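*Asks:* Just passing along the structure, written as structure tokens.
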Amino acid sequence: MKTDPTLIYLKDYQPHSFKIIHSTLEIDLEWERTHVRAIHRVERQMPGTADLELDCERINIDTIKIDDQELSPNSWSQTENKVVIRNIPDRFQLEILNNLNPTENTQLSGLYRSGDMLCTQCEAEGYRRITPAIDRPDNLATYTVTLRGDHQQFPVLLCNGNLVSRETINGRNCTVWDDPFPKPTYLFAVVAGSLSELRDTFTTMNGRVVDLRFYARDQDIEKCKYAMGALKRSMKWDEEVYGREYDLDLFNVVAVSDFNMGAMENKSLNIFNTKYVLANTDTATDTDFLNIERVIGHEYFHNWSGNRVTCRDWFQLSLKEGFTVFRDQEFSADMGSPGVQRINDVNVLRNHQFPEDAGPMAHPVRPESYSEINNFYTVTVYEKGAEIVRMLRTLVGRELFRKGTDLYFDRHDGQAVTTDDFIAAISDASGVDLDQFKNWYKQAGTPEITATSEYDETRQLYQLHLVQHCAPTPGQARKESFVIPISVALIHPEDGFLPDLEGDDSAVLVLDQKQKTFSFHGITKRPVPSLLRNFTSPVKLNANLSAYELGVIFRHENDPFARWEAGQQLFQSCILENIQRLQQGKECRYDNDLIELVGEVLKSAEQDLAFVARLLSLPGESWLAQLSKPIDPAAIAGARLGLQQKIGATLYDQLTASYQSLQSRNTGMISQEQIAVRSMRDICLWYLASLDIETTHQLAISQLRESMNMTDRMAALSAIASSSSVARTSILEDFFQNWQNHALVVDKWFRVQATAVQKDVLTTVKELCKHPAFDHTNPNKVYALILGFTHGNPSGFHQSDGSGYRFLAHWVTELDPINPQVSSRLVSAFNSWRDMIPVLGKQMRNELTQIASSESLSPDVREVVSRALADPIDK
């Protein structure tokens, strides 16, 4: 290790001595030399130094003026990331002229080139790469911005706020924008290029007409229509559910091909990765459509939960992201199936956030320190943060929660605040003491709940004993008790739900101590406890229920999550046993009752086919890995595939009949009903394809040939890519030839091969890295192919000879100088090295050590590598 990353601590937070009140910017856009004239109205807000320190990175400063007087060179100085102006007054006008090169900006932070357009990404610290500024979220300023550019190269010039004027002078277009709402620098945005436009309007609940405009390249503009509809649904939902009305006359969305993230909520000018805005049934899957609706909603909801009320510092990131993820989850649930949405939420937590909480990058939802803030845009901050908000609603109730969010928005409109301020608003509105609840923001780790029970038939008393424990995490060896709401129902195999203490079918128990006993009186028969219904807390639960008890819950529960969870536990019990048997050289063993239960589900007359598809899905390999340490990826994959094949073979006729019936109902259209039909059809195909026989090969090939949309194609192509079909190679090549002009479809083509279950998958991935369609400077391509392999194909990546690890290490070091954010995301695949079987863990550690020896690692990658190699508790 060459240099330990420099840490920034929450405890050291101090407001900046100065505040920029208003910024007037003039930006003359050129591909390689863009000029910026920034005029700021600045006031002192804290006593202290007479020097003004501004953030500044990778830009050239021409001149600096104070109150129209140009400063001499000895009055200011510039370092790699700061500009210091000495001996300034308490109130003044600051003018800075600088220039920058957008084309050479491969990090995609600040102002950069994406094909034939220029665009920005300023969160978290990109604005300083445009012009020197107080580039931190607690400096909120109003903006007036003038954009100029060649009328042929940049016919469209967009910025935040309302458009004041547009004109063309001497061959250069000019637009002027006014944003009256104070915002931090991270919400500043500019887009310039030759773009087509899709227009619509939305009338708010108070009768204002808002112009809605989507911008994309000409060949893609028609693919924005679904996203436009999703935006209008989002705006209506936010008015109805939260009472939040849009506040400007114009809302713009731009689709960009080169983008590190999913999308960005810049005030009135959302910039989206094309993946989350472009869709039609020919090129996008059902999952794509659902994700577009969710992300469109997420970014729009930020207008209040993030823009009008923003975070004071980056430690408070979950204040805006956790709350907004919760909002987008509820929006998606209301637009589709609430049960399926909740299961999807939990799957993300278990397969991605729980491992993060158990690994070297574990951190509280409100971190205490960081080296590179880009590394903390995590599933902990986002998804676990959303679960914290959900628990708050559970604890205080829906009506008081809404009252609390209204108070939060009203109290803090136009401010930069903290998670404590959010908790205070909910507490003040509800009258509930939430002081201990703050431990969820302060402490890392996933609490584990152990549940035991006893029943006294004579006294008709059922007692439930709950114990909470949270394992040590980096920097936090000891944990205080969490406040954990647990929804409980008591079920009898013959009588169904039994009443709780208050006569209802279920109750919410609050575990706020290390251990607690809950008593239920008047219980005439020993019940089966259904615990953690609707996944009311982000915890791991060990209730030690028998297969019979899980079957009772599966057959009688009306809570979708609880029913799904019972099935998952039955599946995982079988898989975990067979992991051990494979490691011992024994054949796998299967429970006929489990197979029969799957058959029952296939025969059932369930109305929500999307939910049935979830019931039939096996636990993911990432979740199974957490339950079977040390992790043996080959054994996990083998045991899981074995159960998949056993179900496919035993229920072959039933699965085939279901598949054919569902295929006949497929119209190719986008609707909740049709999406559900296809999801159920494709789970049947998934089981059948695992048999890897000629009849199932032909089933997939027929679906591909007769496909009516991209969902049909990708389900079939995925089955073929993991098969031994002699037509496999030619089918994959034909697919590329047919879709090579559609970048997002090519991404799917890369990913389906990267995640294929094939012995030579690494060889395939290496060859695809040389393919003309692969561009290692484009994040979407890297995420589809390289990340798809390293993070989405455990058995392929974790080769016993370490070849997968060497492949990843090569790309980490190759991409780090180009785009550190992408590289740091890739290197996280090594974080689990301590949990692997020794032969794999040692090789992973060796590659980490080799990466760490580099003299020129970015702060992004160095932080991840340093934490992975450090002591697991003390770092």
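Following the order of the structure tokens, first chain is A, next is B, and so on, with residues numbered from 1 inside each chain and ligands from 1 in the order they appear.
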Find the residues around region 158-164 of chain A up to 7 Å (only C-alpha atoms counted), leave out those fewer than 5 positions away in its own chain, and share them as an mmCIF file with N, CA, C and O atoms, in the first residue's frame.
*Replies:*
data_model
loop_
_atom_site.group_PDB
_atom_site.id
_atom_site.type_symbol
_atom_site.label_atom_id
_atom_site.label_comp_id
_atom_site.auth_asym_id
_atom_site.auth_seq_id
_atom_site.Cartn_x
_atom_site.Cartn_y
_atom_site.Cartn_z
ATOM 1 N N VAL A 176 -30.811 32.330 -22.388
ATOM 2 C CA VAL A 176 -30.662 32.864 -21.034
ATOM 3 C C VAL A 176 -31.673 32.166 -20.135
ATOM 4 O O VAL A 176 -32.852 32.048 -20.486
ATOM 5 N N TRP A 177 -31.187 31.717 -18.972
ATOM 6 C CA TRP A 177 -32.007 30.935 -18.051
ATOM 7 C C TRP A 177 -31.991 31.573 -16.670
ATOM 8 O O TRP A 177 -30.963 32.059 -16.216
ATOM 9 N N ASP A 178 -33.144 31.527 -16.010
ATOM 10 C CA ASP A 178 -33.255 32.049 -14.647
ATOM 11 C C ASP A 178 -33.846 30.968 -13.751
ATOM 12 O O ASP A 178 -34.923 30.439 -14.029
ATOM 13 N N ASP A 179 -33.124 30.632 -12.689
ATOM 14 C CA ASP A 179 -33.611 29.660 -11.711
ATOM 15 C C ASP A 179 -33.831 30.384 -10.387
ATOM 16 O O ASP A 179 -32.870 30.699 -9.679
ATOM 17 N N PHE A 188 -26.581 21.941 -10.484
ATOM 18 C CA PHE A 188 -26.391 22.747 -11.699
ATOM 19 C C PHE A 188 -26.253 21.819 -12.906
ATOM 20 O O PHE A 188 -25.645 20.745 -12.815
ATOM 21 N N ALA A 189 -26.837 22.237 -14.039
ATOM 22 C CA ALA A 189 -26.760 21.385 -15.233
ATOM 23 C C ALA A 189 -26.777 22.206 -16.503
ATOM 24 O O ALA A 189 -27.424 23.254 -16.583
ATOM 25 N N VAL A 190 -26.059 21.684 -17.499
ATOM 26 C CA VAL A 190 -26.032 22.256 -18.844
ATOM 27 C C VAL A 190 -26.060 21.106 -19.842
ATOM 28 O O VAL A 190 -25.398 20.078 -19.628
ATOM 29 N N VAL A 191 -26.818 21.281 -20.913
ATOM 30 C CA VAL A 191 -26.800 20.342 -22.044
ATOM 31 C C VAL A 191 -26.770 21.163 -23.323
ATOM 32 O O VAL A 191 -27.510 22.148 -23.464
ATOM 33 N N ALA A 192 -25.906 20.771 -24.259
ATOM 34 C CA ALA A 192 -25.813 21.474 -25.538
ATOM 35 C C ALA A 192 -25.560 20.452 -26.638
ATOM 36 O O ALA A 192 -24.704 19.577 -26.492
ATOM 37 N N LEU A 248 -42.028 25.099 -11.259
ATOM 38 C CA LEU A 248 -41.550 25.940 -12.356
ATOM 39 C C LEU A 248 -42.460 25.772 -13.579
ATOM 40 O O LEU A 248 -43.386 24.951 -13.570
ATOM 41 N N ASP A 249 -42.175 26.524 -14.626
ATOM 42 C CA ASP A 249 -43.000 26.478 -15.832
ATOM 43 C C ASP A 249 -42.549 25.404 -16.814
ATOM 44 O O ASP A 249 -43.268 25.095 -17.765
ATOM 45 N N LEU A 250 -41.360 24.846 -16.586
ATOM 46 C CA LEU A 250 -40.736 23.968 -17.574
ATOM 47 C C LEU A 250 -40.037 22.812 -16.868
ATOM 48 O O LEU A 250 -39.401 23.003 -15.833
ATOM 49 N N LYS A 267 -32.189 20.455 -10.975
ATOM 50 C CA LYS A 267 -33.427 21.213 -10.919
ATOM 51 C C LYS A 267 -33.934 21.550 -12.315
ATOM 52 O O LYS A 267 -33.249 22.228 -13.098
ATOM 53 N N SER A 268 -35.104 21.034 -12.668
ATOM 54 C CA SER A 268 -35.826 21.287 -13.920
ATOM 55 C C SER A 268 -35.110 20.791 -15.172
ATOM 56 O O SER A 268 -35.617 20.941 -16.274
ATOM 57 N N LEU A 269 -33.916 20.201 -15.011
ATOM 58 C CA LEU A 269 -33.177 19.664 -16.161
ATOM 59 C C LEU A 269 -32.582 18.316 -15.766
ATOM 60 O O LEU A 269 -31.400 18.180 -15.463
#
*Asks:* Show which residues sit within 12 Å of Thr6 (chain A), as a short mmCIF file (atom, residue, chain, number, x, y, z; two decimals) with all heavy atoms, in the first residue's frame. Count only C-alpha atoms, and ignore same-chain residues fewer than 5 positions away.
*Replies:*
data_model
loop_
_atom_site.label_atom_id
_atom_site.label_comp_id
_atom_site.auth_asym_id
_atom_site.auth_seq_id
_atom_site.Cartn_x
_atom_site.Cartn_y
_atom_site.Cartn_z
N SER A 369 -17.36 8.84 8.24
CA SER A 369 -16.18 9.32 7.51
C SER A 369 -16.18 8.75 6.11
O SER A 369 -16.86 7.75 5.83
CB SER A 369 -14.89 8.91 8.24
OG SER A 369 -14.74 7.50 8.22
N TYR A 370 -15.44 9.39 5.23
CA TYR A 370 -15.21 8.85 3.90
C TYR A 370 -13.94 9.48 3.35
O TYR A 370 -13.49 10.52 3.80
CB TYR A 370 -16.39 9.12 2.96
CG TYR A 370 -16.68 10.58 2.66
CD1 TYR A 370 -15.96 11.26 1.68
CD2 TYR A 370 -17.69 11.26 3.33
CE1 TYR A 370 -16.22 12.59 1.39
CE2 TYR A 370 -17.96 12.59 3.06
CZ TYR A 370 -17.23 13.26 2.09
OH TYR A 370 -17.48 14.57 1.81
N SER A 371 -13.39 8.80 2.34
CA SER A 371 -12.24 9.36 1.62
C SER A 371 -12.70 9.92 0.28
O SER A 371 -12.36 11.04 -0.08
CB SER A 371 -11.17 8.28 1.40
OG SER A 371 -10.15 8.77 0.57
N GLU A 372 -13.48 9.16 -0.45
CA GLU A 372 -14.01 9.57 -1.75
C GLU A 372 -15.53 9.42 -1.72
O GLU A 372 -16.04 8.31 -1.65
CB GLU A 372 -13.39 8.71 -2.86
CG GLU A 372 -13.96 8.97 -4.24
CD GLU A 372 -14.00 10.43 -4.61
OE1 GLU A 372 -12.92 11.05 -4.72
OE2 GLU A 372 -15.12 10.96 -4.80
N ILE A 373 -16.24 10.52 -1.77
CA ILE A 373 -17.70 10.47 -1.62
C ILE A 373 -18.36 9.65 -2.71
O ILE A 373 -19.42 9.03 -2.48
CB ILE A 373 -18.29 11.90 -1.56
CG1 ILE A 373 -19.80 11.84 -1.25
CG2 ILE A 373 -18.03 12.65 -2.84
CD1 ILE A 373 -20.16 11.10 0.01
N PRO A 859 -8.14 8.07 -5.84
CA PRO A 859 -8.71 7.98 -4.47
C PRO A 859 -9.90 7.04 -4.42
O PRO A 859 -10.11 6.36 -3.41
CB PRO A 859 -9.11 9.42 -4.16
CG PRO A 859 -8.25 10.27 -5.04
CD PRO A 859 -8.06 9.48 -6.30
N ASP A 860 -10.67 6.97 -5.49
CA ASP A 860 -11.85 6.11 -5.53
C ASP A 860 -11.46 4.65 -5.33
O ASP A 860 -12.01 3.94 -4.46
CB ASP A 860 -12.58 6.25 -6.87
CG ASP A 860 -12.89 7.68 -7.26
OD1 ASP A 860 -11.92 8.47 -7.40
OD2 ASP A 860 -14.07 8.01 -7.44
N ARG A 862 -8.39 3.45 -4.48
CA ARG A 862 -7.53 3.22 -3.32
C ARG A 862 -8.35 3.04 -2.04
O ARG A 862 -8.02 2.21 -1.20
CB ARG A 862 -6.51 4.35 -3.15
CG ARG A 862 -5.46 4.03 -2.09
CD ARG A 862 -4.29 4.97 -2.11
NE ARG A 862 -3.52 4.91 -3.33
CZ ARG A 862 -2.68 3.93 -3.65
NH1 ARG A 862 -2.52 2.90 -2.82
NH2 ARG A 862 -2.01 3.96 -4.78
N GLU A 863 -9.42 3.80 -1.90
CA GLU A 863 -10.23 3.64 -0.70
C GLU A 863 -10.85 2.25 -0.61
O GLU A 863 -10.82 1.61 0.44
CB GLU A 863 -11.34 4.69 -0.66
CG GLU A 863 -12.24 4.55 0.57
CD GLU A 863 -13.25 5.66 0.70
OE1 GLU A 863 -13.71 6.19 -0.33
OE2 GLU A 863 -13.60 6.00 1.84
N SER A 866 -7.99 -0.31 0.02
CA SER A 866 -7.45 -0.16 1.38
C SER A 866 -8.37 -0.79 2.42
O SER A 866 -7.92 -1.51 3.31
CB SER A 866 -7.24 1.32 1.72
OG SER A 866 -6.30 1.90 0.85
#
*Asks:* Can you tell me which residues surround Lys320 (chain A) at a distance of at most 12 Å, considering only C-alpha atoms, apart from same-chain residues fewer than 4 positions away, and format the answer as a ChimeraX atom specification?
*Replies:* /A:137,265,298-299,301-316,324-327,365-366,377,381-383,385-386,389,409,416-419,422
*Asks:* With N, CA and C atoms retained, export the selected residues as a CSV table (one decimal), in the first residue's frame.
*Replies:*
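That gives us result03.csv:
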chain,number,residue,atom,x,y,z
A,137,PRO,N,-22.9,21.0,-0.7
A,137,PRO,CA,-24.3,21.1,-0.7
A,137,PRO,C,-25.0,22.1,0.2
A,265,GLU,N,-31.1,14.4,-10.9
A,265,GLU,CA,-32.2,15.2,-10.6
A,265,GLU,C,-32.0,16.7,-10.7
A,298,HIS,N,-38.3,8.5,-9.5
A,298,HIS,CA,-37.3,8.8,-8.5
A,298,HIS,C,-36.8,10.2,-8.7
A,299,GLU,N,-36.3,10.5,-9.9
A,299,GLU,CA,-35.7,11.8,-10.2
A,299,GLU,C,-36.7,13.0,-10.1
A,301,PHE,N,-39.4,13.0,-8.1
A,301,PHE,CA,-39.7,13.1,-6.6
A,301,PHE,C,-38.6,13.9,-5.9
A,302,HIS,N,-37.4,13.9,-6.5
A,302,HIS,CA,-36.3,14.7,-5.9
A,302,HIS,C,-36.6,16.2,-5.9
A,303,ASN,N,-37.5,16.6,-6.7
A,303,ASN,CA,-37.7,18.1,-6.8
A,303,ASN,C,-38.1,18.6,-5.4
A,304,TRP,N,-38.7,17.8,-4.6
A,304,TRP,CA,-39.0,18.2,-3.2
A,304,TRP,C,-38.0,17.5,-2.2
A,305,SER,N,-37.9,16.2,-2.3
A,305,SER,CA,-37.0,15.4,-1.4
A,305,SER,C,-35.6,15.4,-2.0
A,306,GLY,N,-34.9,16.5,-2.0
A,306,GLY,CA,-33.6,16.6,-2.5
A,306,GLY,C,-33.2,18.0,-3.0
A,307,ASN,N,-34.2,18.6,-3.7
A,307,ASN,CA,-33.9,19.9,-4.3
A,307,ASN,C,-34.4,21.0,-3.5
A,308,ARG,N,-35.7,21.1,-3.3
A,308,ARG,CA,-36.3,22.1,-2.4
A,308,ARG,C,-35.8,22.0,-1.0
A,309,VAL,N,-35.6,20.8,-0.5
A,309,VAL,CA,-35.0,20.5,0.8
A,309,VAL,C,-33.8,19.6,0.5
A,310,THR,N,-32.6,20.1,0.7
A,310,THR,CA,-31.4,19.3,0.3
A,310,THR,C,-30.6,18.9,1.6
A,311,CYS,N,-29.5,18.2,1.3
A,311,CYS,CA,-28.7,17.7,2.5
A,311,CYS,C,-27.6,18.8,2.8
A,312,ARG,N,-27.3,18.9,4.1
A,312,ARG,CA,-26.3,19.9,4.6
A,312,ARG,C,-24.9,19.5,4.1
A,313,ASP,N,-24.6,18.2,4.2
A,313,ASP,CA,-23.3,17.7,3.8
A,313,ASP,C,-23.4,16.3,3.2
A,314,TRP,N,-22.4,15.8,2.6
A,314,TRP,CA,-22.5,14.5,2.0
A,314,TRP,C,-22.7,13.3,2.9
A,315,PHE,N,-22.4,13.5,4.2
A,315,PHE,CA,-22.8,12.5,5.2
A,315,PHE,C,-24.3,12.3,5.3
A,316,GLN,N,-25.0,13.3,4.9
A,316,GLN,CA,-26.5,13.2,5.0
A,316,GLN,C,-27.1,12.8,3.7
A,324,THR,N,-36.2,9.3,-1.0
A,324,THR,CA,-36.7,9.3,-2.4
A,324,THR,C,-36.8,7.9,-2.9
A,325,VAL,N,-35.9,7.0,-2.6
A,325,VAL,CA,-36.1,5.6,-3.0
A,325,VAL,C,-37.4,5.0,-2.4
A,326,PHE,N,-37.6,5.4,-1.1
A,326,PHE,CA,-38.9,4.9,-0.5
A,326,PHE,C,-40.1,5.4,-1.3
A,327,ARG,N,-40.0,6.7,-1.7
A,327,ARG,CA,-41.1,7.3,-2.5
A,327,ARG,C,-41.2,6.6,-3.8
A,365,VAL,N,-25.8,4.2,7.5
A,365,VAL,CA,-26.6,4.9,6.5
A,365,VAL,C,-26.2,6.4,6.5
A,366,ARG,N,-25.8,6.9,7.6
A,366,ARG,CA,-25.2,8.2,7.7
A,366,ARG,C,-23.7,8.0,8.1
A,377,TYR,N,-22.2,6.3,-2.8
A,377,TYR,CA,-23.5,6.2,-3.4
A,377,TYR,C,-23.9,4.7,-3.5
A,381,VAL,N,-26.9,3.5,1.6
A,381,VAL,CA,-27.4,4.8,1.6
A,381,VAL,C,-28.8,4.9,1.0
A,382,TYR,N,-28.9,4.2,-0.2
A,382,TYR,CA,-30.2,4.3,-0.9
A,382,TYR,C,-31.2,3.3,-0.4
A,383,GLU,N,-31.0,2.0,-0.6
A,383,GLU,CA,-32.0,1.0,-0.3
A,383,GLU,C,-32.2,0.8,1.2
A,385,GLY,N,-31.5,3.0,3.4
A,385,GLY,CA,-32.0,4.3,3.8
A,385,GLY,C,-33.5,4.3,3.6
A,386,ALA,N,-34.0,3.7,2.5
A,386,ALA,CA,-35.4,3.6,2.2
A,386,ALA,C,-36.1,2.8,3.3
A,389,VAL,N,-36.9,4.8,6.4
A,389,VAL,CA,-38.1,5.6,6.2
A,389,VAL,C,-39.3,4.8,6.3
A,409,PHE,N,-41.2,19.3,4.9
A,409,PHE,CA,-41.1,20.2,3.7
A,409,PHE,C,-41.4,21.7,4.0
A,416,ALA,N,-30.6,23.4,3.6
A,416,ALA,CA,-29.8,22.2,3.6
A,416,ALA,C,-29.7,21.7,5.0
A,417,VAL,N,-30.3,20.5,5.2
A,417,VAL,CA,-30.5,20.0,6.5
A,417,VAL,C,-29.9,18.6,6.7
A,418,THR,N,-30.2,17.9,7.9
A,418,THR,CA,-29.6,16.7,8.2
A,418,THR,C,-30.7,15.6,8.5
A,419,THR,N,-30.3,14.4,8.6
A,419,THR,CA,-31.2,13.3,8.9
A,419,THR,C,-31.9,13.5,10.3
A,422,PHE,N,-34.9,15.5,9.7
A,422,PHE,CA,-36.0,14.7,9.2
A,422,PHE,C,-36.7,13.9,10.3
*Asks:* With DSSP run on the backbone, what are the helix (DSSP H, G or I) residues within region 463-562 of chain A? I'd like them as a ChimeraX atom specification.
*Replies:* /A:533-535,547-556,560-562
*Asks:* Please dump the current selection as a compact mmCIF listing (two decimals), in the first residue's frame; keep N, CA, C and O atoms.
*Replies:*
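Result saved to out39.txt:
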# COMPACT_ATOMS: atom_id res chain seq x y z
N ARG A 533 -43.76 -9.92 8.66
CA ARG A 533 -44.65 -9.76 7.51
C ARG A 533 -44.37 -8.43 6.81
O ARG A 533 -44.10 -7.43 7.45
N ASN A 534 -44.46 -8.45 5.50
CA ASN A 534 -44.16 -7.28 4.67
C ASN A 534 -42.74 -6.76 4.88
O ASN A 534 -42.42 -5.64 4.50
N PHE A 535 -41.90 -7.59 5.49
CA PHE A 535 -40.50 -7.23 5.74
C PHE A 535 -40.43 -5.84 6.39
O PHE A 535 -39.87 -4.89 5.84
N ALA A 547 -40.25 -27.48 8.31
CA ALA A 547 -40.80 -27.46 6.96
C ALA A 547 -42.32 -27.48 7.01
O ALA A 547 -42.99 -26.83 6.19
N TYR A 548 -42.89 -28.21 7.98
CA TYR A 548 -44.35 -28.24 8.12
C TYR A 548 -44.88 -26.84 8.44
O TYR A 548 -45.87 -26.39 7.83
N GLU A 549 -44.24 -26.14 9.38
CA GLU A 549 -44.70 -24.81 9.76
C GLU A 549 -44.55 -23.82 8.59
O GLU A 549 -45.44 -22.98 8.36
N LEU A 550 -43.46 -23.94 7.86
CA LEU A 550 -43.29 -23.07 6.69
C LEU A 550 -44.38 -23.36 5.65
O LEU A 550 -44.89 -22.45 4.99
N GLY A 551 -44.75 -24.63 5.51
CA GLY A 551 -45.82 -24.99 4.59
C GLY A 551 -47.15 -24.39 5.00
O GLY A 551 -47.95 -23.97 4.15
N VAL A 552 -47.41 -24.34 6.32
CA VAL A 552 -48.63 -23.73 6.83
C VAL A 552 -48.68 -22.25 6.43
O VAL A 552 -49.70 -21.74 5.96
N ILE A 553 -47.55 -21.56 6.65
CA ILE A 553 -47.50 -20.14 6.29
C ILE A 553 -47.68 -19.97 4.79
O ILE A 553 -48.43 -19.11 4.33
N PHE A 554 -47.01 -20.80 4.01
CA PHE A 554 -47.07 -20.69 2.55
C PHE A 554 -48.49 -20.86 2.05
O PHE A 554 -48.93 -20.17 1.12
N ARG A 555 -49.25 -21.78 2.67
CA ARG A 555 -50.60 -22.07 2.17
C ARG A 555 -51.66 -21.13 2.73
O ARG A 555 -52.71 -20.94 2.10
N HIS A 556 -51.43 -20.51 3.89
CA HIS A 556 -52.48 -19.74 4.56
C HIS A 556 -52.24 -18.24 4.58
O HIS A 556 -53.21 -17.48 4.75
N PRO A 560 -48.14 -11.08 0.89
CA PRO A 560 -47.33 -11.63 -0.21
C PRO A 560 -45.88 -11.91 0.20
O PRO A 560 -45.34 -12.97 -0.16
N PHE A 561 -45.27 -10.97 0.92
CA PHE A 561 -43.87 -11.20 1.29
C PHE A 561 -43.75 -12.42 2.19
O PHE A 561 -42.86 -13.26 2.00
N ALA A 562 -44.61 -12.52 3.21
CA ALA A 562 -44.50 -13.63 4.16
C ALA A 562 -44.67 -14.97 3.46
O ALA A 562 -43.99 -15.95 3.78
*Asks:* Quick one: pick out all strand (DSSP E or B) residues within region 33-127 of chain A from a backbone DSSP run and write them as a PyMOL selection string.
*Replies:* chain A and resi 34-44+52-55+60-66+69-70+76-78+82-85+91-100+110-114+117-121
*Asks:* Measuring atom to atom with only C-alpha atoms, identify which of A:Pro538, A:Glu565, A:Met391, A:Cys174 is nearest to Val508 (chain A).
*Replies:*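 Once distances to Val508 (chain A) are computed over only C-alpha atoms, the minimum belongs to A:Met391.
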*Asks:* Pick the closest to Leu395 (chain A) from A:Thr378, A:Leu744, A:Ala477, A:Ser537: which is it, counting only C-alpha atoms?
*Replies:*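 Selected residue with least distance to Leu395 (chain A): A:Ser537.
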*Asks:* Measuring atom to atom with only C-alpha atoms, identify which of A:Ser628, A:Thr175, A:Thr650, A:Ser196 is nearest to Leu157 (chain A).
*Replies:*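 For Leu157 (chain A), the nearest of the candidates is A:Thr175.
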*Asks:* Using only C-alpha atoms, which of the listed residues (A:Ser430, A:Gln737, A:Gln674, A:Ser481) sits closest to Gln443 (chain A)?
*Replies:* A:Ser481
*Asks:* So which residues touch region 213-215 of chain A within 6 Å, counting only C-alpha atoms, skipping near sequence neighbours fewer than 4 positions away, as JSON, numbers by chain?
*Replies:* {"A": [195, 196, 197, 198, 199, 252, 253, 254]}
*Asks:* Could you dump the residues just selected with C-alpha atoms as a CSV table (one decimal), in the first residue's frame?
*Replies:*
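This went into again.csv:
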chain,number,residue,atom,x,y,z
A,195,LEU,CA,-31.2,17.0,-30.2
A,196,SER,CA,-34.7,16.3,-31.2
A,197,GLU,CA,-37.6,17.2,-28.9
A,198,LEU,CA,-40.7,15.5,-27.6
A,199,ARG,CA,-43.3,17.9,-26.1
A,252,ASN,CA,-36.7,19.1,-19.2
A,253,VAL,CA,-35.3,15.6,-19.5
A,254,VAL,CA,-32.3,14.7,-21.6
*Asks:* Could you list, as a ChimeraX atom specification, every residue within 7 Å of region 796-811 of chain A, counting only C-alpha atoms and ignoring same-chain residues fewer than 5 positions away?
*Replies:* /A:633,761-762,789-790,840,843-844,847,851
*Asks:* Looking at A:Ala756, A:Val346, A:Val467, A:Met117, which one is nearest to Ser795 (chain A), with distances taken over only C-alpha atoms?
*Replies:*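 Residue with the minimum atom-to-atom distance to Ser795 (chain A): A:Ala756.
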*Asks:* CA of Arg459 (chain A) and CA of Pro529 (chain A), how far apart in Å?
*Replies:*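 A separation of 18.3 Å between them.
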*Asks:* Do a neighbour search on region 607-611 of chain A at 9 Å with only C-alpha atoms, toss out local chain neighbours closer than 4 positions, and write the hits as a list in words.
*Replies:*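 Contacts, with the query itself left out: Ser337, Gly339, Val340, Ile343, Pro560, Trp564, Leu615, Leu616, Gln672, Glu673, Ile675, Ala676, Val677, Arg678, Ser679 and Met680 of chain A.
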*Asks:* Can you tell me which residues surround Tyr300 (chain A) at a distance of at most 8 Å, considering only C-alpha atoms, apart from same-chain residues fewer than 3 positions away, and format the answer as a list in words?
*Replies:* Leu231, Ser234, Met235, Glu265, Ile296, Gly297 and Asn303 of chain A
*Asks:* Enter the distance from CA of Asp150 (chain A) to CA of Thr185 (chain A), in Å, rounded to one decimal.
*Replies:* 25.9 Å
*Asks:* What does the structure give for the distance between CA of Thr203 (chain A) and CA of Gln329 (chain A), in Å to one decimal?
*Replies:*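 Interatomic distance here is 24.2 Å.
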